[in-house]
Structure formats: C-alpha cells, structure tokens
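Here's the structure, in structure tokens; my notes come after.
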Protein chains: 2
Amino acid sequence: MRMQKRTIEWRDGTVRTIDQSRLPWETAILEMKSCSDVAEAIKTMKIRGAPLLGVAAAFALALTAYHSKRKSRKELVQELEKAAEILRSTRPTGVNLFWAVDRILAKAREFSGSAEALAAFVVEEAKKIADEDAAANHMIGKFGAELIRDGDVILTHCNAGALATVEYGTALGVIRAAWEQGKRIRVIATETRPKLQGARLTTYELKRDGIPVTLITDSMVGYVMYKRLVSKVVVGADRIVKDAVINKIGTFTVAVLAKEHGIPFYVAAPKSTFDLTHNSADVIIEERKPEEVTQIGSLRIAAEGVDALNPAFDITPIEYVTAIICESGILYKKDFDKFK
Amino acid sequence: MRMQKRTIEWRDGTVRTIDQSRLPWETAILEMKSCSDVAEAIKTMKIRGAPLLGVAAAFALALTAYHSKRKSRKELVQELEKAAEILRSTRPTGVNLFWAVDRILAKAREFSGSAEALAAFVVEEAKKIADEDAAANHMIGKFGAELIRDGDVILTHCNAGALATVEYGTALGVIRAAWEQGKRIRVIATETRPKLQGARLTTYELKRDGIPVTLITDSMVGYVMYKRLVSKVVVGADRIVKDAVINKIGTFTVAVLAKEHGIPFYVAAPKSTFDLTHNSADVIIEERKPEEVTQIGSLRIAAEGVDALNPAFDITPIEYVTAIICESGILYKKDFDKFK
C-alpha cells in the first residue's frame with residue numbers, strides 16, 4: 001500500500017493538519033495547541049470531512065488533557081466535558097465528531113487513576129481513533145474495489161478522500177484501491193458548490209496520485225449521465241441513520257439522477273459514521289451563512305442584498321442507495337432492513 | 001403593463017444593449033456598429049439568451065445593410081449572406097439566431113428594388129422581429145400566469161428574463177405576469193454554474209421588480225424539492241425539437257428532480273425557439289472552454305491543469321415536460337405528439 005503522510009498528526013502537545021480552506025492554492029500547515037484552536041478550525045472548515053472531524057475532535061480532547069493543570073482525575077474529567085461542549089457546538093450534522101467525543105468521555109469517566117495517567121490515556125485513545133480511521137479507510141478501499149471494474153468511470157461528489165480522513169479516504173479510498181489494483185478507471189468530480197470541495201480538494205488529491213479526473217459543475221451531473229459517461233457513483237457520508245444517508249449538499253440530487261439512469265449509487269463510510277438509533281427527521285441539517293452562496297471568495301456573484309439558502313447537507317433516503325461500503329464489508333439493500 | 005426599457009435597441013445605425021457579462025456589478029451599455037461587433041458580443045456572452053440572440057442577429061444584419069456601400073441589390077444580398085455566415089458560426093445550439101438570420105435572408109433574396117430600399121427593408125424587418133419578440137413575451141406571460149396560483153414558489157434555472165429577450169422575459173415573463181395580477185408568489189433562482197446567469201441576472205431582475213427571490217446553488221435543487229419548498233418549475237428554452245427541450249446546462253437535472261417529486265415542469269418559449277423539423281440527436285451541444293469551469297472570474301478553483309467538461313446546454317426529453325407555454329397558448333403532452 002502506498003505510503004502517505006497523514007492529514008492530521010499529533011506531535012507532543014500540538015496537532016498539525018493541512019488548512020483545507022487554502023487548497024489547492026497553498027499547502028499550509030495549521031498548528032493547533034488547544035481545543036478552541038481545533039473548534040475554530042472546524043467551524044471555518046479549515047478542517048472538514050466527517051471522519052477527519054471525529055479524529056480532530058479526539059485530538060482536541062487530547063490537547064485539553066495534555067495541557068491541563070488540573071490536579072485531580074475528577075477535575076480533568078470536568079475540563080474534558082467542557083471541551084466536549086465546545087466541540088459539539090461546532091457543526092451539528094456529521095456524527096463522527098459526536099461519536100469520538102462520546103467515546104473518549106465515556107472512557108475518561110470510567111478511568112481510575114491519577115489526572116496525569118488520565119491525560120496520557122486520553123492522548124493514547126485519540127491516537128487510537130486516528131489509527132482506526134486509517135485502517136478502516138484501507139479496508140473500505142479493499143472491499144469497495146471489488147465493485148469497480150476495469151474501464152469504469154466513477155462520479156464522486158464533494159471530497160471523501162484522504163483530506164476528509166486520516167489517510168487514503170472513503171469514496172476516494174475505493175477509487176485508489178481499484179487504481180492500485182491496476183484497473184483503468186477515470187473519475188468525474190463535481191465541483192460541489194458552495195465550498196467547492198470537489199474542485200479544490202478532489203481534483204488536487206487525484207491529480208497528485210495520477211488518477212485521471214475530469215471536473216464538472218454540479219449542474220452537469222444530469223447531462224453526463226444522460227450521455228452515458230458515468231458507470232458508477234461513489235460518495236462518502238456525514239451520518240448514516242436508519243432511513244437515510246446524510247451527506248454534502250448535492251448528494252441527493254446525484255442519487256436521484258443515478259436512479260433515473262440505472263447507475264449504481266455507492267456510499268463509502270466507516271462505522272463511526274453510522275447512527276442507527278436515529279432517523280433522518282432527528283438530524284439537524286446545518287445552515288451556514290448565505291454569503292457562502294452569494295459570494296465566491298470575496299467576489300459577490302448576485303444582486304446586492306439577495307436572500308440565499310445554504311444547507312450544508314442533504315438527505316438521501318436509503319432506497320436510493322445501492323450499497324454501503326464500510327470496513328466490515330459491503331452492506332446491500334437487504335442489510336439496510338436490519339437498520340430499522 | 002409595466003413600462004420597461006428594452007434590452008436591445010436600434011438607434012440610427014447603432015445597436016445598443018446591456019453588457020450582461022458585467023452584471024450585476026455594473027450596468028454598462030454596449031454600442032455595436034457592425035455585424036462583427038455583434039458576433040463578438042454573442043461569442044463572449046455579453047449578449048445571451050436565445051430570444052435575444054435572434055433579435056441581436058437580426059440587428060447585426062440590419063447594421064450590415066445600413067452601413068453597406070454596395071450599389072446593387074444583388075451585391076447587398078451577397079454581403080448579407082457573408083454576415084449571416086459570421087453570425088451562424090458564433091453559437092451553434094440555440095435556434096432563434098438561425099431562425100432570424102434565415103428569415104431576413106429569405107426576404108432579402110426575394111426583394112425587388114434598389115440596394116438602398118433593401119437596406120431600409122432589412123432594418124425594418126429586424127425592428128419587426130424585435131417587436132414580435134416583445135409581444136410574444138407578454139403573451140407568454142399572459143398564458144403562463146394562468147398556471148400560477150397565489151402562494152406558489154417557483155423554481156427557475158438560468159435567466160429566461162427580460163435580459164434574455166427584448167423585454168419582459170419568457171420564464172420570468174410568466175412570473176412577472178402572475179406577480180402583476182397580485183398573486184403572492186416567491187421565486188427560487190439556481191445560480192447556474194458555470195456562467196452564473198441565475199445568480200447574476202435573475203436575482204438582479206427580480207430584485208429590481210420587487211419580486212421575492214431566494215438564491216440557491218445548483219446542488220441544492222434536490223434538497224429544496226425534498227423539503228417541499230417548490231410548487232412549480234418554469235424555465236426557458238434555447239431550442240425545442242421534436243423529442244426534447246434544449247436549454248442551459250442543468251435544466252435536465254432540474255427536470256428529473258421535478259418528475260421524482262411530482263412537481264410540474266413548465267417551459268416558456270416563443271415559437272422562434274421551435275425547431276420541429278429536427279430531433280435532439282441533430283443538435284450540436286456547444287462545448288465552451290474548460291476555464292469557465294476551472295475558474296470563477298480570474299480565480300482558479302481546481303488543481304492546476306485539471307481537465308473539465310463544459311457543455312453549455314443539456315437535453316431534456318419531452319416526456320419530462322408538463323407543458324410548453326408559447327405566445328399562442330399552452331401546449332400539453334397531447335400536443336407534443338403532433339411534433340413527431
């Protein structure tokens with residue numbers, strides 16, 4: 001398997017990641033020393049991608065523990081709970097962040113030992129979450145690649161790549177694994193307005209790896225399918241609930257078009273994205289500021305003062321999904337029934 | 001009916017129009033004195049919108065005739081034929097330009113009289129085409145408004161407004177007419193990447209008229225329909241053939257989503273857009289330069305050197321269309337059978 005520097009790393013009380021808001025123009029490293037540094041980077045989407053948000057939140061708690069001055073285990077747990085609140089208030093839709101925070105908090109509460117030992121434990125647990133994410137992505141790639149045939153043209157939306165995870169990627173992990181197996185595939189990447197993750201991040205990642213990629217606007221998805229230029233769709237997920245896949249705004253549009261054209265629609269996501277105690281009606285769809293729609297960078301693109309909607313995610317009912325690829329294997333429609 | 005300055009005007013050997021590439025930032029008037037001035041403005045999309053392209057081409061021939069130094073009728077006809085070739089080579093997909101050029105050329109060839117009289121005739125014929133377009137739009141508005149109910153939220157794609165025509169608009173003509181009848185309606189405008197006609201032009205036009213409008217990205221169409229925020233879709237057309245409506249890229253995606261959600265999908269277009277001697281397979285879909293996708297304004301939004309597709313239009317099979325609104329009335333599915 002190809003070696004790759006991780007998207008996020010722990011280094012002695014500092015968390016280092018790539019500032020994704022500056023790609024593809026600049027590869028700037030962001031160094032974070034506190035939970036609020038991480039929370040701010042999440043809110044402003046310098047860090048994004050559901051699995052990465054889980055790992056980033058885990059490292060944020062690790063930073064809190066590592067730099068804590070608290071003398072007792074109990075005080076440190078309280079400090080971690082406060083940090084958890086800050087993290088939970090960043091972005092409401094993706095579940096991995098909540099999952100990682102809950103996992104660390106639950107273990108911290110059960111921990112018996114000194115504050116110092118707990119701090120070391122939290123750092124180790126966060127590193128473990130990062131390692132597990134990396135391993136999950138490689139397994140997703142392995143399973144998912146079985147679905148990909150030589151000659152396939154795979155459409156993907158947003159960025160579910162190495163940049164959205166610790167390394168390798170979910171949807172792009174599937175594509176990478178198929179490519180590494182020698183399958184001659186091509187990728188169509190949607191630009192993914194408003195934040196342009198497809199244009200900025202997916203083309204950057206694939207070009208770096210030498211995987212052929214063609215960029216289209218979101219408005220062209222119907223046309224490329226009508227023209228029979230797409231054989232499969234593979235996307236990531238921000239939360240998988242009993243009845244739906246919640247993912248980047250535009251995913252549902254792609255799913256409807258795939259169904260209309262009889263094109264398989266695959267979702268690739270680690271189990272940390274699964275939230276099978278909830279339905280789509282329970283999920284808060286984050287509404288971001290309208291300026292992300294009325295402006296591109298600093299350029300206003302609409303009449304002054306115009307209203308805009310800006311839901312960051314949409315809801316794809318599970319009926320539209322051909323299969324979900326996770327680190328345990330491939331789940332087909334018959335398996336979704338067990339979600340309910 | 002509300003008075004409105006026309007989008008394009010003839011003034012003694014000069015054609016004046018709004019430079020649409022500079023909206024909404026600046027209302028700059030473009031003065032054109034020759035056929036090649038007009039052809040250049042069409043190629044660079046300073047002038048755009050199928051009905052307006054028809055009128056602009058007619059005025060381009062009027063400029064040729066008006067400024068001609070030819071002494072004989074025959075020579076002038078030859079000069080007009082050359083000008084027609086330049087116009088036909090600008091943009092291949094919309095049919096109104098071809099229709100207008102053919103109409104004037106056919107009449108010029110049959111004309112018996114001096115070169116001077118022919119020149120005057122061509123100018124009058126071009127003005128007539130402009131007047132007919134204005135009248136057609138108002139009739140489209142009148143018929144189309146019957147389909148719109150109080151409280152409707154109408155989604156429109158691209159700009160099929162006053163700016164795409166001589167005045168009033170086709171899809172936006174329907175919306176204007178309903179609004180002028182006192183129906184309390186709202187509009188959702190898709191931004192329409194890559195050239196952002198929805199963001200730049202539709203919000204500008206509607207805001208100027210005080211009609212409530214909300215901007216969304218093209219990727220949000222599925223979500224707003226899923227959320228039941230849309231009651232009807234009304235779009236324009238660049239060419240209506242026997243089996244399909246050809247319109248701005250993204251239209252087909254909207255049509256598929258409308259069908260999936262049981263939302264009526266209306267096309268508003270004058271009969272100069274009808275090309276019922278052809279099928280969709282006969283139509284050349286214009287491919288514009290990839291930089292319109294990989295850049296927004298001067299900002300590169302993708303990895304350097306990435307490939308991009310840029311079809312300017314897509315094909316919506318007629319089965320997806322609920323009705324076509326033209327100046328003669330409303331055509332329903334049963335009427336489409338007569339196209340074949």
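Chain identifiers are assigned as A, B, and so on, following the order in which chains appear in the structure tokens; residues are numbered from 1 within each chain, and ligands are numbered from 1 in order of appearance.
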>> With 7 Å as the limit and counting only C-alpha atoms, what residues in chain A lie close to chain B? Please list them as a ChimeraX atom specification.
In response: /A:24,193-194,199-200,203-204,213-220,222-223,249-250,252-253,256-257,293,301-303,306-309,314
> Can you list, as a PyMOL selection string, every protein, DNA or RNA residue that comes within 9 Å of Val38 (chain B) when you count only C-alpha atoms, leaving out same-chain residues fewer than 5 positions away?
Replying inline: chain B and resi 15+32-33+43+47+56-57+59-60+87
Dump of N, CA and C atoms for the selected residues, as a JSON list (two decimals), in the first residue's frame:
[["chain", "number", "residue", "atom", "x", "y", "z"],
["B", 15, "VAL", "N", -26.51, 49.64, -32.62],
["B", 15, "VAL", "CA", -27.32, 48.77, -31.77],
["B", 15, "VAL", "C", -26.79, 48.89, -30.35],
["B", 32, "MET", "N", -22.82, 48.79, -30.62],
["B", 32, "MET", "CA", -22.27, 47.99, -31.71],
["B", 32, "MET", "C", -22.62, 48.63, -33.04],
["B", 33, "LYS", "N", -21.61, 48.67, -33.95],
["B", 33, "LYS", "CA", -21.81, 49.36, -35.22],
["B", 33, "LYS", "C", -21.67, 48.44, -36.43],
["B", 43, "LYS", "N", -20.40, 35.74, -28.93],
["B", 43, "LYS", "CA", -19.41, 34.70, -28.57],
["B", 43, "LYS", "C", -18.96, 34.83, -27.13],
["B", 47, "ILE", "N", -23.92, 39.36, -24.87],
["B", 47, "ILE", "CA", -25.32, 39.18, -25.25],
["B", 47, "ILE", "C", -25.61, 37.69, -25.12],
["B", 56, "ALA", "N", -30.66, 40.04, -31.77],
["B", 56, "ALA", "CA", -29.32, 40.61, -31.98],
["B", 56, "ALA", "C", -28.80, 40.27, -33.37],
["B", 57, "ALA", "N", -29.03, 39.03, -33.80],
["B", 57, "ALA", "CA", -28.57, 38.62, -35.14],
["B", 57, "ALA", "C", -29.32, 39.41, -36.21],
["B", 59, "PHE", "N", -30.53, 42.41, -35.89],
["B", 59, "PHE", "CA", -29.96, 43.77, -35.88],
["B", 59, "PHE", "C", -28.54, 43.78, -36.47],
["B", 60, "ALA", "N", -27.82, 42.68, -36.33],
["B", 60, "ALA", "CA", -26.48, 42.60, -36.94],
["B", 60, "ALA", "C", -26.60, 42.68, -38.46],
["B", 87, "LEU", "N", -22.46, 35.19, -38.25],
["B", 87, "LEU", "CA", -23.41, 35.05, -37.13],
["B", 87, "LEU", "C", -23.67, 33.58, -36.82]]
> Residues of region 127-268 of chain A in strand (DSSP E or B) according to DSSP, as number ranges by chain?
Replying inline: A: 153-156, 161, 169, 186-190, 213-216, 232-235, 239-240, 244-248, 265-268
> Within 8 Å of Asp150 (chain A), counting only C-alpha atoms, which residues qualify if same-chain residues fewer than 2 places away don't, as a list of chain:residue names?
Replying inline: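 Selected residues are A:Ile148, A:Asp152, A:Lys183, A:Arg184, A:Ile185.
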> Tell me, which residues of region 126-265 of chain B carry DSSP alpha helix (DSSP H), written as a ChimeraX atom specification?
Replying inline: /B:126-145,171-180,197,203-209,221-226,251-260
Got time to write the residues from that selection, N, CA and C atoms, as a short mmCIF file (atom, residue, chain, number, x, y, z; two decimals), in the first residue's frame?
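See result14.cif below for the written result:
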data_model
loop_
_atom_site.label_atom_id
_atom_site.label_comp_id
_atom_site.auth_asym_id
_atom_site.auth_seq_id
_atom_site.Cartn_x
_atom_site.Cartn_y
_atom_site.Cartn_z
N ALA B 126 -35.76 43.76 -39.07
CA ALA B 126 -35.10 43.49 -37.79
C ALA B 126 -35.89 44.12 -36.64
N LYS B 127 -36.35 45.35 -36.86
CA LYS B 127 -37.17 46.01 -35.82
C LYS B 127 -38.46 45.24 -35.58
N LYS B 128 -39.00 44.69 -36.67
CA LYS B 128 -40.23 43.91 -36.58
C LYS B 128 -39.99 42.64 -35.74
N ILE B 129 -38.85 42.01 -35.96
CA ILE B 129 -38.50 40.81 -35.18
C ILE B 129 -38.41 41.17 -33.69
N ALA B 130 -37.81 42.32 -33.41
CA ALA B 130 -37.71 42.77 -32.01
C ALA B 130 -39.09 43.02 -31.42
N ASP B 131 -39.94 43.70 -32.19
CA ASP B 131 -41.29 43.98 -31.69
C ASP B 131 -42.08 42.69 -31.48
N GLU B 132 -41.93 41.76 -32.40
CA GLU B 132 -42.63 40.49 -32.26
C GLU B 132 -42.17 39.73 -31.02
N ASP B 133 -40.86 39.82 -30.73
CA ASP B 133 -40.36 39.12 -29.54
C ASP B 133 -40.97 39.73 -28.28
N ALA B 134 -40.99 41.05 -28.24
CA ALA B 134 -41.58 41.72 -27.07
C ALA B 134 -43.04 41.30 -26.91
N ALA B 135 -43.78 41.31 -28.00
CA ALA B 135 -45.21 40.95 -27.95
C ALA B 135 -45.37 39.48 -27.52
N ALA B 136 -44.52 38.62 -28.06
CA ALA B 136 -44.60 37.19 -27.72
C ALA B 136 -44.40 36.99 -26.22
N ASN B 137 -43.41 37.70 -25.65
CA ASN B 137 -43.15 37.55 -24.22
C ASN B 137 -44.35 37.96 -23.37
N HIS B 138 -44.98 39.05 -23.77
CA HIS B 138 -46.15 39.47 -22.99
C HIS B 138 -47.29 38.45 -23.11
N MET B 139 -47.44 37.85 -24.28
CA MET B 139 -48.47 36.81 -24.46
C MET B 139 -48.11 35.56 -23.65
N ILE B 140 -46.82 35.19 -23.66
CA ILE B 140 -46.36 34.04 -22.86
C ILE B 140 -46.68 34.29 -21.38
N GLY B 141 -46.42 35.52 -20.94
CA GLY B 141 -46.73 35.89 -19.56
C GLY B 141 -48.21 35.73 -19.27
N LYS B 142 -49.03 36.21 -20.18
CA LYS B 142 -50.48 36.16 -20.00
C LYS B 142 -50.97 34.70 -19.91
N PHE B 143 -50.52 33.87 -20.83
CA PHE B 143 -50.96 32.46 -20.80
C PHE B 143 -50.36 31.72 -19.60
N GLY B 144 -49.08 31.95 -19.38
CA GLY B 144 -48.39 31.22 -18.32
C GLY B 144 -48.93 31.55 -16.94
N ALA B 145 -49.32 32.81 -16.74
CA ALA B 145 -49.79 33.24 -15.42
C ALA B 145 -51.03 32.45 -14.99
N ALA B 171 -39.69 32.71 -19.11
CA ALA B 171 -40.00 32.14 -17.78
C ALA B 171 -40.26 33.28 -16.78
N LEU B 172 -39.41 34.31 -16.79
CA LEU B 172 -39.65 35.43 -15.86
C LEU B 172 -40.83 36.28 -16.31
N GLY B 173 -41.20 36.20 -17.59
CA GLY B 173 -42.42 36.86 -18.06
C GLY B 173 -43.65 36.24 -17.40
N VAL B 174 -43.65 34.92 -17.30
CA VAL B 174 -44.74 34.20 -16.62
C VAL B 174 -44.81 34.65 -15.15
N ILE B 175 -43.64 34.70 -14.52
CA ILE B 175 -43.57 35.11 -13.11
C ILE B 175 -44.01 36.57 -12.95
N ARG B 176 -43.52 37.45 -13.84
CA ARG B 176 -43.91 38.88 -13.78
C ARG B 176 -45.42 39.04 -13.95
N ALA B 177 -45.99 38.32 -14.91
CA ALA B 177 -47.42 38.47 -15.18
C ALA B 177 -48.23 38.02 -13.97
N ALA B 178 -47.83 36.89 -13.36
CA ALA B 178 -48.54 36.40 -12.17
C ALA B 178 -48.43 37.42 -11.04
N TRP B 179 -47.24 37.98 -10.88
CA TRP B 179 -46.99 38.99 -9.84
C TRP B 179 -47.84 40.24 -10.09
N GLU B 180 -47.91 40.68 -11.35
CA GLU B 180 -48.69 41.87 -11.70
C GLU B 180 -50.18 41.64 -11.49
N GLN B 197 -25.67 32.79 -14.55
CA GLN B 197 -26.74 33.68 -15.03
C GLN B 197 -27.87 33.81 -14.01
N THR B 203 -31.51 37.16 -10.16
CA THR B 203 -31.74 37.85 -8.89
C THR B 203 -31.77 39.36 -9.12
N TYR B 204 -30.94 39.85 -10.03
CA TYR B 204 -30.86 41.28 -10.36
C TYR B 204 -32.20 41.77 -10.92
N GLU B 205 -32.74 41.03 -11.88
CA GLU B 205 -34.01 41.42 -12.50
C GLU B 205 -35.16 41.39 -11.50
N LEU B 206 -35.24 40.31 -10.72
CA LEU B 206 -36.39 40.15 -9.83
C LEU B 206 -36.32 41.14 -8.68
N LYS B 207 -35.12 41.35 -8.17
CA LYS B 207 -34.94 42.31 -7.07
C LYS B 207 -35.36 43.71 -7.54
N ARG B 208 -34.97 44.08 -8.74
CA ARG B 208 -35.32 45.38 -9.33
C ARG B 208 -36.84 45.55 -9.39
N ASP B 209 -37.55 44.44 -9.65
CA ASP B 209 -39.01 44.49 -9.75
C ASP B 209 -39.71 44.25 -8.42
N VAL B 221 -30.97 21.94 -5.53
CA VAL B 221 -32.30 21.75 -6.14
C VAL B 221 -33.00 20.52 -5.54
N GLY B 222 -32.25 19.42 -5.42
CA GLY B 222 -32.84 18.21 -4.84
C GLY B 222 -33.35 18.46 -3.43
N TYR B 223 -32.55 19.13 -2.64
CA TYR B 223 -32.92 19.36 -1.24
C TYR B 223 -34.17 20.23 -1.10
N VAL B 224 -34.26 21.33 -1.86
CA VAL B 224 -35.44 22.19 -1.72
C VAL B 224 -36.71 21.47 -2.19
N MET B 225 -36.56 20.58 -3.15
CA MET B 225 -37.74 19.80 -3.57
C MET B 225 -38.10 18.75 -2.52
N TYR B 226 -37.09 18.08 -1.99
CA TYR B 226 -37.29 17.10 -0.91
C TYR B 226 -38.01 17.75 0.27
N THR B 251 -30.64 22.16 -16.71
CA THR B 251 -32.10 22.09 -16.85
C THR B 251 -32.59 20.64 -16.72
N PHE B 252 -31.88 19.73 -17.37
CA PHE B 252 -32.30 18.32 -17.32
C PHE B 252 -32.26 17.79 -15.88
N THR B 253 -31.23 18.15 -15.14
CA THR B 253 -31.14 17.76 -13.73
C THR B 253 -32.37 18.26 -12.96
N VAL B 254 -32.76 19.49 -13.19
CA VAL B 254 -33.96 20.04 -12.53
C VAL B 254 -35.20 19.27 -12.95
N ALA B 255 -35.28 18.92 -14.24
CA ALA B 255 -36.46 18.22 -14.75
C ALA B 255 -36.60 16.83 -14.13
N VAL B 256 -35.48 16.11 -14.00
CA VAL B 256 -35.52 14.77 -13.38
C VAL B 256 -35.98 14.88 -11.93
N LEU B 257 -35.44 15.85 -11.22
CA LEU B 257 -35.82 16.04 -9.81
C LEU B 257 -37.29 16.44 -9.69
N ALA B 258 -37.77 17.27 -10.62
CA ALA B 258 -39.18 17.68 -10.58
C ALA B 258 -40.08 16.46 -10.79
N LYS B 259 -39.73 15.62 -11.75
CA LYS B 259 -40.50 14.40 -12.01
C LYS B 259 -40.53 13.52 -10.76
N GLU B 260 -39.36 13.33 -10.15
CA GLU B 260 -39.24 12.46 -8.97
C GLU B 260 -40.12 12.96 -7.82
#
>> Set the distance at 9 Å and use only C-alpha atoms: which residues neighbour Ser34 (chain B) once local chain neighbours fewer than 2 positions away are removed? I'd like the list as a ChimeraX atom specification.
In response: /B:13-15,32,36-39,60-64,67
